[in-house]
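Q: Quick one: the structure is below, questions incoming.
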Amino acid sequence: MVAIGLRGTLLIWLSLLLALCLQVMPLADVWLMWRPDWLGLMLIYWCVVMPQRVGVLHGFVLGLLLDLIEGSPLGQNALTLSLLAFLCALLYQRLRAYSLLQQAILIFMLLGLVQLIEQWLRTIVGPFSIHLAFLLPSLIGALLWPWLFTMFQMLRRRLGIF
Amino acid sequence: MPSGGLLIKPLFSHGPVPGYRMLLCAILAFALMFAEHRFSRMEDLRAQMTTVVAPIQWAVSVPSDLLTWGSLALSDQRALVDENRRLREQLLTLSHRVQRMASLTAENVRLRELLNAAGQADMPYVTAELLSLDSDPFTHQMVIDRGRRDGAYVGQPVMDASGLVGQVTAVSAYSSRVLMLADANHAMPVQVNRNGLRFIVQGSGRYDTLNVMHVPDTADIREGDLLITSGLAGRFPAGYPVARVSEVVHDPGQPFARVTAAPVAQLQRSRHFLLLFPPPTVEPEPGDRLWDETFSLIEPPMELMQ
């Protein structure tokens, strides 16, 4: 039992760190807009599947790391990601009962909302105007969600982590 | 914690709704943002913490490094020979210029001595290499592989082979963050090389465009003018190329002419940079008066008064 718990923690943190790496991977300038919100997706997945283990504090720590890497104001991504985890903790029962398509739509709304808040925070501290293109990452994230969800469910079953 | 593989979990188990934790995190996040906005002490803390994520930054830059290395290893001989020839030609041109430069520098020193003007010393520098670009499409920053250990400091000017790139905004032990000219948060004083007119250049958020601010319609600035650093803000040393004016539009409905310029540095393509160490500016002593108050008006001669 302890071994399974340890394995689960390991898988959770490994996948979250991998998502963080994908999130900050240098890309060509044209492709930056089209990068899905990897970290947000991964966090939503674990919050929905294991709400007892992954929660707001995970979002906060990962957001802090993301802030440090991206050089954004310390606490900006921490706030948005912990908010995302919080929303998931409120919604996970409903989300589990949905079909994959409905889940994807809800994920789009969640990610879009969080991105919108991030843009607001950005305009508070800097002179940026809001582009509508900030919704693209959440749209692509929602399109990726069914595959990601199915893949990780299979992986979890294979490793015996519940 | 009931997380065994054999236990059947109820479908609608009510997990903890972490309202208090959310509140705590929100307060903490806002406190952090406020503190960073307000107190400069946070920069040290941030520098310390950035060292923690240095492994991630390094790991993330590995694939592109591998790709560069791979394309170099697999490139065919013809391309290498071509590149070699081009570099040789460039070397020849540059060494020709350097020869002229030597005599011009000597002449300049002599002239300055004649005029009793302050001498200009050569500027020390260290080279740096690009570690990662910012993954955020709304900002223009990059991380380079020189940090506090190499003497980098906040506000240090950064150049590439052809012109000014930007300035250092944050320094950690082994890497530092550079804000580029093109960022919308960046503005700097410049001078037109042709006639010495001074302007402010602000980034536009696009790599190929800078805005020259508050240009009167009558100012003598033309397409193709080279803008160089004026050294007035005390941050960038004077005389380094910044941008070339690409468009001048006079709109009668606007109070100022709209002037855009293209950066001379190859912001999107360079991988190697120079960190300059300009000599420290002379700070006025606390006792010094800014103006010489012994200055007084001289009465004009009586012949002129009549």
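We name chains A, B, ... following the order of the structure tokens; residues begin at 1 in each chain, and ligands are numbered from 1 as shown.
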Between chain A and chain B, at 7 Å or less, what are the per-residue closest atom pairs and their distances in Å? Count only C-alpha atoms, order by chain and rising residue number, and return it as CSV.

A:
residue,atom,partner,partner_atom,distance
A:Met1,CA,B:Gly4,CA,5.8
A:Cys21,CA,B:Val60,CA,6.1
A:Val24,CA,B:Ser135,CA,5.5
A:Met25,CA,B:Val60,CA,5.5
A:Pro26,CA,B:Ser135,CA,5.9
A:Leu32,CA,B:Pro137,CA,5.8
A:Met33,CA,B:Pro137,CA,6.5
A:Pro51,CA,B:Gly15,CA,6.3
A:Gln52,CA,B:Gly15,CA,6.1
A:Val56,CA,B:Met22,CA,6.2
A:Phe60,CA,B:Cys25,CA,6.7
A:Leu65,CA,B:Val53,CA,6.9
A:Leu68,CA,B:Thr50,CA,5.7
A:Ile69,CA,B:Val53,CA,6.6
A:Glu70,CA,B:Asp134,CA,6.3
A:Pro73,CA,B:Met33,CA,6.1
A:Leu74,CA,B:Met33,CA,5.6
A:Gly75,CA,B:Ala29,CA,4.4
A:Gln76,CA,B:Ala29,CA,6.8
A:Ala78,CA,B:Ala29,CA,6.4
A:Leu79,CA,B:Ala29,CA,5.6
A:Ser82,CA,B:Met22,CA,6.8
A:Leu83,CA,B:Met22,CA,7.0
A:Phe86,CA,B:Met22,CA,6.5
A:Ala89,CA,B:Val17,CA,6.2
A:Leu90,CA,B:Val17,CA,6.5
A:Gln93,CA,B:Phe12,CA,6.7
A:Gly160,CA,B:Gly5,CA,6.7
A:Phe162,CA,B:Gly5,CA,6.2

Q: Excluding Val168 in chain B and any residue of its chain fewer than 5 positions from it, enumerate the residues within 9 Å of it, using only C-alpha atoms, and give them as a count of residues only.

A: 13

Q: Can you tell me, as a list in words, what residues are no more than 6 Å from Val264 in chain B when counting only C-alpha atoms, ignoring any on the same chain fewer than 2 positions away?

A: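 The neighbour list is Gly163, Val242 and Ala243 of chain B.
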
Q: For the selection you just gave me, I'd like the residues written to a file as a compact mmCIF listing (two decimals), in the first residue's frame, keeping N, CA, C and O atoms.

A:
# COMPACT_ATOMS: atom_id res chain seq x y z
N GLY B 163 24.48 45.42 -33.16
CA GLY B 163 23.90 46.56 -32.47
C GLY B 163 23.41 46.22 -31.09
O GLY B 163 23.60 45.11 -30.60
N VAL B 242 21.56 51.53 -32.60
CA VAL B 242 20.36 50.96 -32.02
C VAL B 242 19.38 50.52 -33.10
O VAL B 242 18.94 49.38 -33.15
N ALA B 243 19.04 51.45 -34.01
CA ALA B 243 17.99 51.15 -34.98
C ALA B 243 18.16 52.04 -36.21
O ALA B 243 18.92 53.01 -36.19

Q: For range 109-125 of chain A, find every residue with an atom within 9 Å (counting only C-alpha atoms), except residues of its own chain fewer than 4 positions away, and show them as a list in words.

A: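 With the cut-off at 9 Å, the set is Asp37, Gly40, Leu41, Ser72, Pro73, Gln76, Asn77, Leu79, Thr80, Leu81, Leu83, Leu84, Leu87, Cys88, Ala104, Ile105, Ser129, Ile130, His131, Phe134, Leu135, Leu136, Pro137, Ser138, Leu139, Gly141 and Ala142 of chain A; His37 of chain B.
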
Q: One decimal, Å: what's the distance from CA of Phe273 in chain B over to CA of Phe236 in chain B, could you say?

A: 15.4 Å

Q: Run DSSP on the backbone and give me the residues of chain A it puts in alpha helix (DSSP H), as a count of residues only.

A: 122

Q: Show me, as a list of chain:residue names, the residues that have an atom within 12 Å of Arg235 in chain B when counting only C-alpha atoms, minus same-chain residues fewer than 2 positions from it.

A: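 These residues fall inside the cut-off: B:Tyr153, B:Val154, B:Gly155, B:Gln156, B:Pro157, B:Val158, B:Gly166, B:Gln167, B:Val168, B:Ala187, B:Met188, B:Pro189, B:Val190, B:Thr229, B:Ser230, B:Gly231, B:Leu232, B:Ala233, B:Pro237, B:Ala238, B:Leu276, B:Phe277, B:Pro278, B:Pro279, B:Pro280, B:Thr281.
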
Q: Keeping N, CA, C and O atoms for every residue in the selection just given, could you write it to a file as a short mmCIF file (atom, residue, chain, number, x, y, z; two decimals), in the first residue's frame?

A:
data_model
loop_
_atom_site.label_atom_id
_atom_site.label_comp_id
_atom_site.auth_asym_id
_atom_site.auth_seq_id
_atom_site.Cartn_x
_atom_site.Cartn_y
_atom_site.Cartn_z
N TYR B 153 25.30 42.44 -13.97
CA TYR B 153 24.53 43.19 -12.98
C TYR B 153 23.28 43.75 -13.64
O TYR B 153 23.18 43.81 -14.87
N VAL B 154 22.30 44.11 -12.80
CA VAL B 154 21.04 44.62 -13.33
C VAL B 154 21.27 45.97 -13.98
O VAL B 154 21.91 46.84 -13.40
N GLY B 155 20.76 46.13 -15.20
CA GLY B 155 20.92 47.38 -15.93
C GLY B 155 22.06 47.35 -16.92
O GLY B 155 22.33 48.34 -17.60
N GLN B 156 22.76 46.20 -16.99
CA GLN B 156 23.92 46.13 -17.88
C GLN B 156 23.48 46.09 -19.35
O GLN B 156 22.55 45.38 -19.71
N PRO B 157 24.15 46.88 -20.22
CA PRO B 157 23.79 46.84 -21.65
C PRO B 157 24.25 45.54 -22.31
O PRO B 157 25.32 45.02 -21.99
N VAL B 158 23.43 45.05 -23.24
CA VAL B 158 23.73 43.81 -23.96
C VAL B 158 23.74 44.11 -25.45
O VAL B 158 22.84 44.77 -25.95
N GLY B 166 19.58 45.01 -25.71
CA GLY B 166 18.70 45.34 -24.59
C GLY B 166 19.50 45.49 -23.33
O GLY B 166 20.68 45.82 -23.37
N GLN B 167 18.85 45.25 -22.19
CA GLN B 167 19.55 45.37 -20.93
C GLN B 167 19.17 44.24 -19.99
O GLN B 167 18.11 43.65 -20.12
N VAL B 168 20.07 43.97 -19.04
CA VAL B 168 19.84 42.91 -18.07
C VAL B 168 18.84 43.40 -17.03
O VAL B 168 18.96 44.51 -16.53
N ALA B 187 12.10 51.46 -23.05
CA ALA B 187 12.30 52.74 -23.74
C ALA B 187 13.71 53.22 -23.44
O ALA B 187 14.26 52.91 -22.38
N MET B 188 14.31 53.94 -24.37
CA MET B 188 15.68 54.40 -24.16
C MET B 188 15.95 55.65 -24.97
O MET B 188 15.32 55.89 -26.00
N PRO B 189 16.88 56.51 -24.50
CA PRO B 189 17.21 57.72 -25.25
C PRO B 189 18.17 57.41 -26.40
O PRO B 189 19.11 56.64 -26.23
N VAL B 190 17.91 58.02 -27.57
CA VAL B 190 18.80 57.83 -28.72
C VAL B 190 19.10 59.18 -29.37
O VAL B 190 18.53 60.20 -29.00
N THR B 229 22.90 55.21 -29.51
CA THR B 229 22.65 55.54 -28.11
C THR B 229 23.26 56.91 -27.81
O THR B 229 24.34 57.23 -28.28
N SER B 230 22.52 57.70 -27.02
CA SER B 230 23.04 59.03 -26.70
C SER B 230 23.78 59.01 -25.38
O SER B 230 24.51 59.95 -25.07
N GLY B 231 23.59 57.96 -24.56
CA GLY B 231 24.29 57.89 -23.29
C GLY B 231 23.71 58.83 -22.25
O GLY B 231 24.31 59.03 -21.20
N LEU B 232 22.56 59.43 -22.53
CA LEU B 232 22.05 60.45 -21.63
C LEU B 232 21.46 59.89 -20.35
O LEU B 232 21.58 60.48 -19.30
N ALA B 233 20.82 58.72 -20.43
CA ALA B 233 20.19 58.19 -19.22
C ALA B 233 21.21 57.58 -18.29
O ALA B 233 20.90 57.22 -17.17
N PRO B 237 26.09 53.14 -22.76
CA PRO B 237 27.19 54.02 -23.18
C PRO B 237 26.84 54.66 -24.53
O PRO B 237 26.08 54.10 -25.32
N ALA B 238 27.39 55.85 -24.79
CA ALA B 238 27.03 56.59 -25.99
C ALA B 238 27.67 55.98 -27.23
O ALA B 238 28.75 55.39 -27.15
N LEU B 276 28.42 44.46 -21.94
CA LEU B 276 29.39 45.55 -21.81
C LEU B 276 29.54 45.97 -20.36
O LEU B 276 28.62 45.85 -19.56
N PHE B 277 30.73 46.44 -20.02
CA PHE B 277 30.96 47.01 -18.69
C PHE B 277 31.34 48.47 -18.85
O PHE B 277 32.53 48.81 -18.89
N PRO B 278 30.36 49.37 -19.00
CA PRO B 278 30.69 50.79 -19.16
C PRO B 278 31.31 51.31 -17.86
O PRO B 278 30.98 50.81 -16.78
N PRO B 279 32.23 52.28 -17.97
CA PRO B 279 32.82 52.85 -16.75
C PRO B 279 31.74 53.51 -15.92
O PRO B 279 30.77 54.04 -16.47
N PRO B 280 31.86 53.46 -14.59
CA PRO B 280 30.81 54.04 -13.75
C PRO B 280 30.69 55.54 -14.00
O PRO B 280 31.69 56.23 -14.18
N THR B 281 29.44 56.00 -14.05
CA THR B 281 29.23 57.43 -14.26
C THR B 281 29.63 58.18 -13.00
O THR B 281 29.55 57.66 -11.90
#

Q: Distance CA of Trp147 in chain A-CA of Gly55 in chain A, one decimal place?

A: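 For CA of Trp147 in chain A relative to CA of Gly55 in chain A, the distance reads 22.6 Å.
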
Q: In terms of the shortest atom-to-atom distance over only C-alpha atoms, which of A:Val48, A:Arg53, A:His58, A:Leu17 is closest to Leu91 in chain A?

A: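 Of A:Val48, A:Arg53, A:His58, A:Leu17, the one nearest Leu91 in chain A is A:Val48, counting only C-alpha atoms.
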
Q: Hey, what's within 6 Å of Leu274 in chain B if we count only C-alpha atoms and toss same-chain stuff fewer than 3 positions away? As a ChimeraX atom specification, please?

A: /B:126-128,158-160

Q: Smallest atom-to-atom distance to Ser270 in chain B: which of B:Ile144, B:Ser204, B:Asn108, B:Arg222, using only C-alpha atoms?

A: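 Once distances to Ser270 in chain B are computed over only C-alpha atoms, the minimum belongs to B:Ile144.
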
Q: Between A:Leu62, A:Ile107, A:Met50, A:Leu155, which is the closest to Ile140 in chain A once you count only C-alpha atoms?

A: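 Under the stated criterion, the closest residue is A:Ile107.
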